[in-house]
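Peer 1: My questions all concern the structure below.
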Amino acid sequence: MIKVKNLSKKFKNFVAVDNISFEVPAGEIFAFLGPNGAGKSTTIKMLTTLLKPSDGEMTINNIDPVKDPKETRRSFGIVFQDPSLDEDLTAWENINFHGVLYGVPKKVRKERGEQLLKLVELWDRRKSLVKKFSGGMKRRLEIARGLLHHPKVLFLDEPTLGLDPQTRNLMWSYLKELNKSEKTTIFFSTHYMDEAERIADRIAIIDQGKIITIGSAEELKKQTSTESLEEAFLKLTGKKIRDEEANNVDRMRKFNRR
Amino acid sequence: MQKIYIFWLRQIKKYFRSKSRIIGSLGQPILFLLALGYGFGSVFQQAGEGNYLNFLAPGIIAMSIIFTAIFSGIEVIWDRQFGFLKETLAAPVSRLQIMIGRTLGGATVATFQGILVLFISLLFGLELSSFSFIIPAILVMFLIALLFTAIGTLIASLLEDMQGFQLIMNFLVMPLFFLSGALYPLDNLPNFLTIITKINPLSYGVDALRILLTDNGHFSLSLDILVLSVFTACLLFLGSFFFKRIQV
Ligand SMILES: Nc1ncnc2c1ncn2[C@@H]1O[C@H](COP(=O)(O)OP(=O)(O)OP(=O)(O)O)[C@@H](O)[C@H]1O
Ligand SMILES: [Mg+2]
């Protein structure tokens, strides 16, 4: 479903993504695990037509995002890492706007929109302007919005950042269900070991723009002869993703959202 | 079609929700009408040019349109900073559709602002030559609005953030306004000013409004409309070209 070959991205002299290759078969849940600045978001932006790669090839659903961006955009949905709501619109208007852009029929927009807003507990606030929401509420709305249409591939860039554990669980069970019932391919990035281990079929560990290894959590542990994904990660990259670091990002994101 | 409409609707909703913006942007035209319209009135009359308020009002209407229109275009930068632009650029909509929807929305809003100023001018004593030309005048307002929203979008596609905003106000919007026929008649100007006013599309917009509202023009209505249309077409084209190249 997703094929990437020798993909690179340079910003001026800085190499953010360095010659990476991987494939994600249809229906798989695939995780990008890596520390800050590893190149996760940059890769996702290239796949989703928002950035032009410096080098390399890729296809989504057998379509080339560089050559045919418009057709590619029909195949995927995305939840961004950074804020992406219109704060001067209400929660419902944001949902509806998204539905129209993605050609979701009116009836489905209404039904699924209601179901999703209830799932993230924002249904009662659907008529409030988004700028009056807290950081976590905005994040929940973004998740709900991202799930409104059911694409072939769903990209989620650190979707659980800033979410409370309860909403995380709700979100993942919804996604797993979607993955099962509609064979949706799910590509997500994360800092959280447990999330990668619990949710993903396969994990790519990425650091400093390079993919260090790819495999299921079991395989990664076996490969490094370690007991936990955490230790495997430490052995492969030589560093820890500290909780502290993740928390900092959470805080930064909330700060940005004001 | 529905996709273009939703972009249009978004601009309209945002505009009507920001009451302070609507009222705030009426302050300047009112000040100009008061200070200039009444202030220069007698000098103008003595120079044998007739009623200055009648002369000035179309210029002030055009002013409020271009300020609102350019600002609407520039809102693309806000959308980029608040991240909403990503949401639209990753969606299966062509950039052209986004650009058209936004531009129509911005132009509608700017036209509305122009109509408000027209009514205010009537309160200040503007005498229309004929009420039947109000509708064509509103169409001309829309054309002016379209042109300057496209310019705003074009600029926004080239800028990363709002830091260049002041630069644009001082080196583009203000000169466009002051170096058009909005405030003074275009006859007997020094040569360099004649040249500048002639290549400024706003001169033609103001002139068309003046012909339709007060039957007092410098060029001819057909020339005005032709120039405005050609400029609008070119800028929409250029605007969509640069808009397509935006990366986030
Ligand atoms: N527009 C840009 N211009 C210059 N450098 C950039 C740009 N975008 C990203 N980078 C750099 O590329 C590197 C990778 O960034 P990216 O956002 O892909 O990391 P990430 O893996 O998503 O990290 P995080 O976990 O913090 O989200 C970083 O060092 C970043 O500074
Ligand atoms: Mg990132």
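Going through the structure tokens in order, the chains are called A, B, and so on, while each chain numbers its residues from 1 and the ligands are numbered from 1 in the order shown.
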Given a cut-off of 7 Å, which residues of chain A touch chain B, counting only C-alpha atoms, written out as a PDB file with N, CA, C and O atoms, in the first residue's frame?

Peer 2:
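Output below, filename out09.pdb:
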ATOM      1  N   THR A  48       2.314  12.662   2.172  1.00  0.00           N
ATOM      2  CA  THR A  48       0.984  13.264   2.043  1.00  0.00           C
ATOM      3  C   THR A  48       0.995  14.522   1.166  1.00  0.00           C
ATOM      4  O   THR A  48       0.144  15.390   1.323  1.00  0.00           O
ATOM      5  N   THR A  49       1.945  14.638   0.300  1.00  0.00           N
ATOM      6  CA  THR A  49       2.035  15.679  -0.749  1.00  0.00           C
ATOM      7  C   THR A  49       2.287  17.094  -0.222  1.00  0.00           C
ATOM      8  O   THR A  49       2.199  18.051  -0.982  1.00  0.00           O
ATOM      9  N   LEU A  50       2.599  17.236   1.066  1.00  0.00           N
ATOM     10  CA  LEU A  50       2.788  18.591   1.582  1.00  0.00           C
ATOM     11  C   LEU A  50       4.216  19.093   1.413  1.00  0.00           C
ATOM     12  O   LEU A  50       4.479  20.285   1.472  1.00  0.00           O
ATOM     13  N   LEU A  51       5.144  18.171   1.216  1.00  0.00           N
ATOM     14  CA  LEU A  51       6.529  18.548   0.963  1.00  0.00           C
ATOM     15  C   LEU A  51       7.026  17.765  -0.242  1.00  0.00           C
ATOM     16  O   LEU A  51       6.646  16.607  -0.423  1.00  0.00           O
ATOM     17  N   LYS A  70      -3.052  15.091  -6.622  1.00  0.00           N
ATOM     18  CA  LYS A  70      -4.493  15.154  -6.404  1.00  0.00           C
ATOM     19  C   LYS A  70      -5.104  13.765  -6.232  1.00  0.00           C
ATOM     20  O   LYS A  70      -5.920  13.527  -5.350  1.00  0.00           O
ATOM     21  N   ARG A  73      -4.196  12.293  -2.896  1.00  0.00           N
ATOM     22  CA  ARG A  73      -4.959  12.831  -1.762  1.00  0.00           C
ATOM     23  C   ARG A  73      -6.311  12.150  -1.584  1.00  0.00           C
ATOM     24  O   ARG A  73      -6.896  12.229  -0.518  1.00  0.00           O
ATOM     25  N   ARG A  74      -6.795  11.533  -2.644  1.00  0.00           N
ATOM     26  CA  ARG A  74      -8.048  10.778  -2.497  1.00  0.00           C
ATOM     27  C   ARG A  74      -7.870   9.498  -1.689  1.00  0.00           C
ATOM     28  O   ARG A  74      -8.831   8.921  -1.213  1.00  0.00           O
ATOM     29  N   ASP A  82       0.904  18.996  14.429  1.00  0.00           N
ATOM     30  CA  ASP A  82       0.674  20.384  14.860  1.00  0.00           C
ATOM     31  C   ASP A  82      -0.787  20.743  14.701  1.00  0.00           C
ATOM     32  O   ASP A  82      -1.508  20.126  13.936  1.00  0.00           O
ATOM     33  N   PRO A  83      -1.218  21.786  15.386  1.00  0.00           N
ATOM     34  CA  PRO A  83      -2.612  22.219  15.294  1.00  0.00           C
ATOM     35  C   PRO A  83      -3.035  22.466  13.844  1.00  0.00           C
ATOM     36  O   PRO A  83      -2.229  22.920  13.038  1.00  0.00           O
ATOM     37  N   SER A  84      -4.273  22.157  13.525  1.00  0.00           N
ATOM     38  CA  SER A  84      -4.728  22.320  12.148  1.00  0.00           C
ATOM     39  C   SER A  84      -6.216  22.617  12.070  1.00  0.00           C
ATOM     40  O   SER A  84      -6.859  22.327  11.079  1.00  0.00           O
ATOM     41  N   LEU A  85      -6.770  23.209  13.151  1.00  0.00           N
ATOM     42  CA  LEU A  85      -8.193  23.530  13.146  1.00  0.00           C
ATOM     43  C   LEU A  85      -8.394  24.996  12.783  1.00  0.00           C
ATOM     44  O   LEU A  85      -7.478  25.801  12.923  1.00  0.00           O
ATOM     45  N   ASP A  86      -9.583  25.318  12.320  1.00  0.00           N
ATOM     46  CA  ASP A  86      -9.935  26.719  12.166  1.00  0.00           C
ATOM     47  C   ASP A  86     -10.613  27.157  13.457  1.00  0.00           C
ATOM     48  O   ASP A  86     -11.737  26.756  13.744  1.00  0.00           O
ATOM     49  N   ASP A  88     -11.840  29.904  14.417  1.00  0.00           N
ATOM     50  CA  ASP A  88     -12.978  30.819  14.336  1.00  0.00           C
ATOM     51  C   ASP A  88     -14.252  30.106  13.909  1.00  0.00           C
ATOM     52  O   ASP A  88     -15.294  30.727  13.752  1.00  0.00           O
ATOM     53  N   PHE A  97     -16.821  20.892   7.377  1.00  0.00           N
ATOM     54  CA  PHE A  97     -15.900  21.398   6.358  1.00  0.00           C
ATOM     55  C   PHE A  97     -15.029  20.253   5.833  1.00  0.00           C
ATOM     56  O   PHE A  97     -14.892  20.042   4.627  1.00  0.00           O
ATOM     57  N   VAL A 100     -16.991  17.833   3.663  1.00  0.00           N
ATOM     58  CA  VAL A 100     -17.244  18.330   2.310  1.00  0.00           C
ATOM     59  C   VAL A 100     -15.969  18.225   1.464  1.00  0.00           C
ATOM     60  O   VAL A 100     -15.997  17.760   0.331  1.00  0.00           O
ATOM     61  N   LEU A 101     -14.838  18.623   2.056  1.00  0.00           N
ATOM     62  CA  LEU A 101     -13.575  18.550   1.300  1.00  0.00           C
ATOM     63  C   LEU A 101     -13.290  17.133   0.824  1.00  0.00           C
ATOM     64  O   LEU A 101     -12.769  16.927  -0.257  1.00  0.00           O
ATOM     65  N   TYR A 102     -13.628  16.156   1.673  1.00  0.00           N
ATOM     66  CA  TYR A 102     -13.317  14.775   1.317  1.00  0.00           C
ATOM     67  C   TYR A 102     -14.486  14.073   0.627  1.00  0.00           C
ATOM     68  O   TYR A 102     -14.478  12.865   0.477  1.00  0.00           O
TER      69      TYR A 102
END

Peer 1: List as a ChimeraX atom specification the protein and nucleic acid residues lying within 6 Å of ligand 1, with only C-alpha atoms and all ligand atoms counted.

Peer 2: /A:11,16,35-42

Peer 1: With C-alpha atoms retained, write the just-selected residues as a compact mmCIF listing (two decimals), in the first residue's frame.

Peer 2:
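Saved as part.txt:
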# COMPACT_ATOMS: atom_id res chain seq x y z
CA PHE A 11 16.45 21.53 4.09
CA ALA A 16 16.19 15.62 7.72
CA PRO A 35 13.03 10.63 19.15
CA ASN A 36 12.44 14.34 18.47
CA GLY A 37 13.80 15.52 15.17
CA ALA A 38 14.18 11.98 13.81
CA GLY A 39 12.38 12.88 10.59
CA LYS A 40 9.01 11.27 11.27
CA SER A 41 6.87 14.27 10.44
CA THR A 42 9.00 15.17 7.44

Peer 1: Output as a tab-separated table one row per residue of region 132-210 of chain A within 10 Å of region 115-121 of chain A: the closest atom pair and its distance in Å to one decimal place, counting only C-alpha atoms, sorted by chain and residue number ascending.

Peer 2:
residue	atom	partner	partner_atom	distance
A:Met137	CA	A:Val120	CA	8.4
A:Arg139	CA	A:Val120	CA	9.6
A:Arg140	CA	A:Val120	CA	5.8
A:Leu141	CA	A:Val120	CA	7.2
A:Glu142	CA	A:Val120	CA	9.9
A:Ile143	CA	A:Val120	CA	8.3
A:Ala144	CA	A:Leu116	CA	5.4
A:Arg145	CA	A:Leu116	CA	8.0
A:Gly146	CA	A:Leu116	CA	9.9
A:Leu147	CA	A:Leu116	CA	7.7
A:Leu148	CA	A:Leu116	CA	7.5
A:Gln166	CA	A:Val120	CA	9.8
A:Thr167	CA	A:Val120	CA	6.8
A:Arg168	CA	A:Val120	CA	9.8
A:Leu170	CA	A:Leu119	CA	7.4
A:Met171	CA	A:Val120	CA	8.2
A:Tyr174	CA	A:Leu119	CA	9.1

Peer 1: DSSP on the backbone, then: every residue of region 72-248 of chain A marked strand (DSSP E or B), written as a list in words.

Peer 2: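 Matching residues, listed in order: Phe76, Gly77, Ile78, Val79, Thr90, Leu129, Val153, Leu154, Phe155, Leu156, Asp157, Thr185, Ile186, Phe187, Phe188, Ser189, Thr190, Arg202, Ile203, Ala204, Ile205, Ile206, Asp207, Lys210, Ile211, Ile212, Thr213, Ile214 and Gly215 of chain A.
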
Peer 1: Hey, which of A:Arg202, A:His191, A:Lys239, A:Lys5 ends up closest to ligand 2? Count only C-alpha atoms and all ligand atoms.

Peer 2: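 Among A:Arg202, A:His191, A:Lys239, A:Lys5, it is A:His191 that comes nearest to ligand 2.
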
Peer 1: Residues near region 151-160 of chain A, anyone? I mean within 7 Å using only C-alpha atoms, not counting same-chain ones fewer than 4 positions away, as a list of chain:residue names.

Peer 2: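 Residues meeting the cut-off are A:Ser41, A:Ser75, A:Phe76, A:Gly77, A:Ile78, A:Val79, A:Phe80, A:Gln81, A:Arg168, A:Thr184, A:Thr185, A:Ile186, A:Phe187, A:Phe188, A:Ser189, A:Thr190.
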
Peer 1: What does the file look like for those residues with N, CA, C and O atoms, as a PDB file, in the first residue's frame?

Peer 2:
ATOM      1  N   SER A  41       7.861  13.366  11.055  1.00  0.00           N
ATOM      2  CA  SER A  41       6.870  14.265  10.438  1.00  0.00           C
ATOM      3  C   SER A  41       7.263  14.619   9.012  1.00  0.00           C
ATOM      4  O   SER A  41       6.397  14.724   8.135  1.00  0.00           O
ATOM      5  N   SER A  75      -6.613   9.030  -1.601  1.00  0.00           N
ATOM      6  CA  SER A  75      -6.404   7.719  -0.978  1.00  0.00           C
ATOM      7  C   SER A  75      -6.151   7.765   0.519  1.00  0.00           C
ATOM      8  O   SER A  75      -6.211   6.750   1.174  1.00  0.00           O
ATOM      9  N   PHE A  76      -5.777   8.935   1.035  1.00  0.00           N
ATOM     10  CA  PHE A  76      -5.376   8.922   2.438  1.00  0.00           C
ATOM     11  C   PHE A  76      -6.145   9.935   3.277  1.00  0.00           C
ATOM     12  O   PHE A  76      -6.769  10.859   2.773  1.00  0.00           O
ATOM     13  N   GLY A  77      -6.053   9.734   4.596  1.00  0.00           N
ATOM     14  CA  GLY A  77      -6.511  10.732   5.548  1.00  0.00           C
ATOM     15  C   GLY A  77      -5.341  11.021   6.457  1.00  0.00           C
ATOM     16  O   GLY A  77      -4.410  10.215   6.551  1.00  0.00           O
ATOM     17  N   ILE A  78      -5.357  12.172   7.111  1.00  0.00           N
ATOM     18  CA  ILE A  78      -4.220  12.482   7.965  1.00  0.00           C
ATOM     19  C   ILE A  78      -4.644  13.251   9.213  1.00  0.00           C
ATOM     20  O   ILE A  78      -5.535  14.093   9.161  1.00  0.00           O
ATOM     21  N   VAL A  79      -4.011  12.893  10.328  1.00  0.00           N
ATOM     22  CA  VAL A  79      -4.118  13.694  11.550  1.00  0.00           C
ATOM     23  C   VAL A  79      -2.720  14.261  11.784  1.00  0.00           C
ATOM     24  O   VAL A  79      -1.761  13.513  11.925  1.00  0.00           O
ATOM     25  N   PHE A  80      -2.623  15.581  11.791  1.00  0.00           N
ATOM     26  CA  PHE A  80      -1.316  16.218  11.894  1.00  0.00           C
ATOM     27  C   PHE A  80      -0.828  16.269  13.325  1.00  0.00           C
ATOM     28  O   PHE A  80      -1.607  16.239  14.273  1.00  0.00           O
ATOM     29  N   GLN A  81       0.486  16.412  13.444  1.00  0.00           N
ATOM     30  CA  GLN A  81       1.066  16.602  14.770  1.00  0.00           C
ATOM     31  C   GLN A  81       0.747  18.005  15.298  1.00  0.00           C
ATOM     32  O   GLN A  81       0.366  18.176  16.443  1.00  0.00           O
ATOM     33  N   ARG A 168      -7.080   8.136  24.672  1.00  0.00           N
ATOM     34  CA  ARG A 168      -6.141   7.320  23.897  1.00  0.00           C
ATOM     35  C   ARG A 168      -6.716   5.942  23.632  1.00  0.00           C
ATOM     36  O   ARG A 168      -6.712   5.463  22.509  1.00  0.00           O
ATOM     37  N   THR A 184      -8.375  -0.780   6.639  1.00  0.00           N
ATOM     38  CA  THR A 184      -7.635   0.475   6.533  1.00  0.00           C
ATOM     39  C   THR A 184      -6.177   0.279   6.949  1.00  0.00           C
ATOM     40  O   THR A 184      -5.903  -0.296   7.999  1.00  0.00           O
ATOM     41  N   THR A 185      -5.276   0.724   6.102  1.00  0.00           N
ATOM     42  CA  THR A 185      -3.865   0.706   6.463  1.00  0.00           C
ATOM     43  C   THR A 185      -3.599   1.886   7.390  1.00  0.00           C
ATOM     44  O   THR A 185      -4.025   2.999   7.103  1.00  0.00           O
ATOM     45  N   ILE A 186      -2.935   1.642   8.491  1.00  0.00           N
ATOM     46  CA  ILE A 186      -2.696   2.731   9.436  1.00  0.00           C
ATOM     47  C   ILE A 186      -1.196   2.932   9.640  1.00  0.00           C
ATOM     48  O   ILE A 186      -0.456   1.994   9.920  1.00  0.00           O
ATOM     49  N   PHE A 187      -0.770   4.169   9.430  1.00  0.00           N
ATOM     50  CA  PHE A 187       0.637   4.533   9.557  1.00  0.00           C
ATOM     51  C   PHE A 187       0.702   5.605  10.640  1.00  0.00           C
ATOM     52  O   PHE A 187       0.176   6.691  10.459  1.00  0.00           O
ATOM     53  N   PHE A 188       1.306   5.283  11.778  1.00  0.00           N
ATOM     54  CA  PHE A 188       1.370   6.331  12.808  1.00  0.00           C
ATOM     55  C   PHE A 188       2.781   6.508  13.343  1.00  0.00           C
ATOM     56  O   PHE A 188       3.609   5.619  13.250  1.00  0.00           O
ATOM     57  N   SER A 189       3.036   7.700  13.848  1.00  0.00           N
ATOM     58  CA  SER A 189       4.331   7.953  14.464  1.00  0.00           C
ATOM     59  C   SER A 189       4.109   8.169  15.950  1.00  0.00           C
ATOM     60  O   SER A 189       3.034   8.587  16.369  1.00  0.00           O
ATOM     61  N   THR A 190       5.109   7.854  16.728  1.00  0.00           N
ATOM     62  CA  THR A 190       4.950   7.982  18.174  1.00  0.00           C
ATOM     63  C   THR A 190       6.294   8.049  18.879  1.00  0.00           C
ATOM     64  O   THR A 190       7.326   7.674  18.335  1.00  0.00           O
TER      65      THR A 190
END

Peer 1: To one decimal in Å, tell me the separation between CA of Gly103 (chain A) and CA of Ser181 (chain A).

Peer 2: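 Separation of CA of Gly103 (chain A) and CA of Ser181 (chain A): 20.9 Å.
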
Peer 1: I'd like the neighbourhood of Gln28 (chain B) as a PyMOL selection string, where a residue qualifies if any of its atoms comes within 10 Å (using only C-alpha atoms), though same-chain residues fewer than 6 positions away should be ignored.

Peer 2: chain B and resi 34+60+63-64

Peer 1: With only C-alpha atoms as the counted atoms, please give the residues lying no more than 12 Å from Gly24 (chain B), apart from itself and same-chain residues fewer than 4 positions off, as a list in words.

Peer 2: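 So the residues in contact are Ser18, Lys19, Ser20, Gln28, Pro29, Ile30, Leu31, Ser64, Phe67, Thr68 and Gln113 of chain B.
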
Peer 1: Compile the contact shell of Thr72 (chain A) as a PyMOL selection string: residues with an atom at most 7 Å away, counting only C-alpha atoms, same-chain residues fewer than 5 positions apart removed.

Peer 2: chain A and resi 60+63-65

Peer 1: With distances taken over only C-alpha atoms, which residue among B:Leu126, B:Trp78, B:Leu209, B:Thr103 lies nearest Met162 (chain B)?

Peer 2: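 Selected residue with least distance to Met162 (chain B): B:Trp78.
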
Peer 1: What is the CA of Arg102 (chain B) to CA of Gly73 (chain B) distance in Å?

Peer 2: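 Value for the CA of Arg102 (chain B)-CA of Gly73 (chain B) distance: 7.8 Å.
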
Peer 1: Could you check how far CA of Asn19 (chain A) sits from CA of Asp201 (chain A), in Å to one decimal?

Peer 2: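 If I compute the distance from CA of Asn19 (chain A) to CA of Asp201 (chain A), I get 23.2 Å.
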
Peer 1: If we count only C-alpha atoms, what is near region 45-56 of chain B at a cut-off of 9 Å, once residues fewer than 2 positions away on the same chain are taken out, given as a PyMOL selection string?

Peer 2: chain B and resi 32-33+36-38+40-43+58-61+121+124-128+182-185+210+213-214+216

Peer 1: Produce a file of the selected residues containing C-alpha atoms, as a short mmCIF file (atom, residue, chain, number, x, y, z; two decimals), in the first residue's frame.

Peer 2:
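Saved file part.cif follows:
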data_model
loop_
_atom_site.label_atom_id
_atom_site.label_comp_id
_atom_site.auth_asym_id
_atom_site.auth_seq_id
_atom_site.Cartn_x
_atom_site.Cartn_y
_atom_site.Cartn_z
CA PHE B 32 -11.73 60.29 5.60
CA LEU B 33 -15.23 61.37 4.65
CA LEU B 36 -11.34 65.33 3.84
CA GLY B 37 -14.89 65.47 2.55
CA TYR B 38 -15.91 68.37 4.73
CA PHE B 40 -11.54 70.24 1.51
CA GLY B 41 -15.12 70.88 0.44
CA SER B 42 -14.93 74.65 0.14
CA VAL B 43 -11.50 74.77 -1.53
CA PRO B 58 -16.46 56.69 -4.65
CA GLY B 59 -12.75 56.88 -3.79
CA ILE B 60 -13.43 56.09 -0.15
CA ILE B 61 -15.73 53.22 -1.10
CA SER B 121 -21.60 58.16 2.32
CA PHE B 124 -22.90 62.12 4.86
CA GLY B 125 -24.64 63.74 1.91
CA LEU B 126 -23.47 61.88 -1.19
CA GLU B 127 -25.87 62.66 -4.05
CA LEU B 128 -26.29 59.83 -6.53
CA ALA B 182 -9.44 58.32 -5.22
CA LEU B 183 -8.66 61.65 -3.55
CA TYR B 184 -8.02 64.14 -6.37
CA PRO B 185 -9.01 64.63 -10.00
CA ARG B 210 -17.53 57.61 -10.00
CA LEU B 213 -22.58 56.80 -8.85
CA THR B 214 -22.10 60.47 -9.71
CA ASN B 216 -18.39 62.23 -13.30
#

Peer 1: For the structure I just gave you, how does DSSP split region 83-236 of chain B - specifically, which residues are helix (DSSP H, G or I)? Reply as a ChimeraX atom specification.

Peer 2: /B:84-89,95-124,131-158,162-178,191-199,201-214,221-236
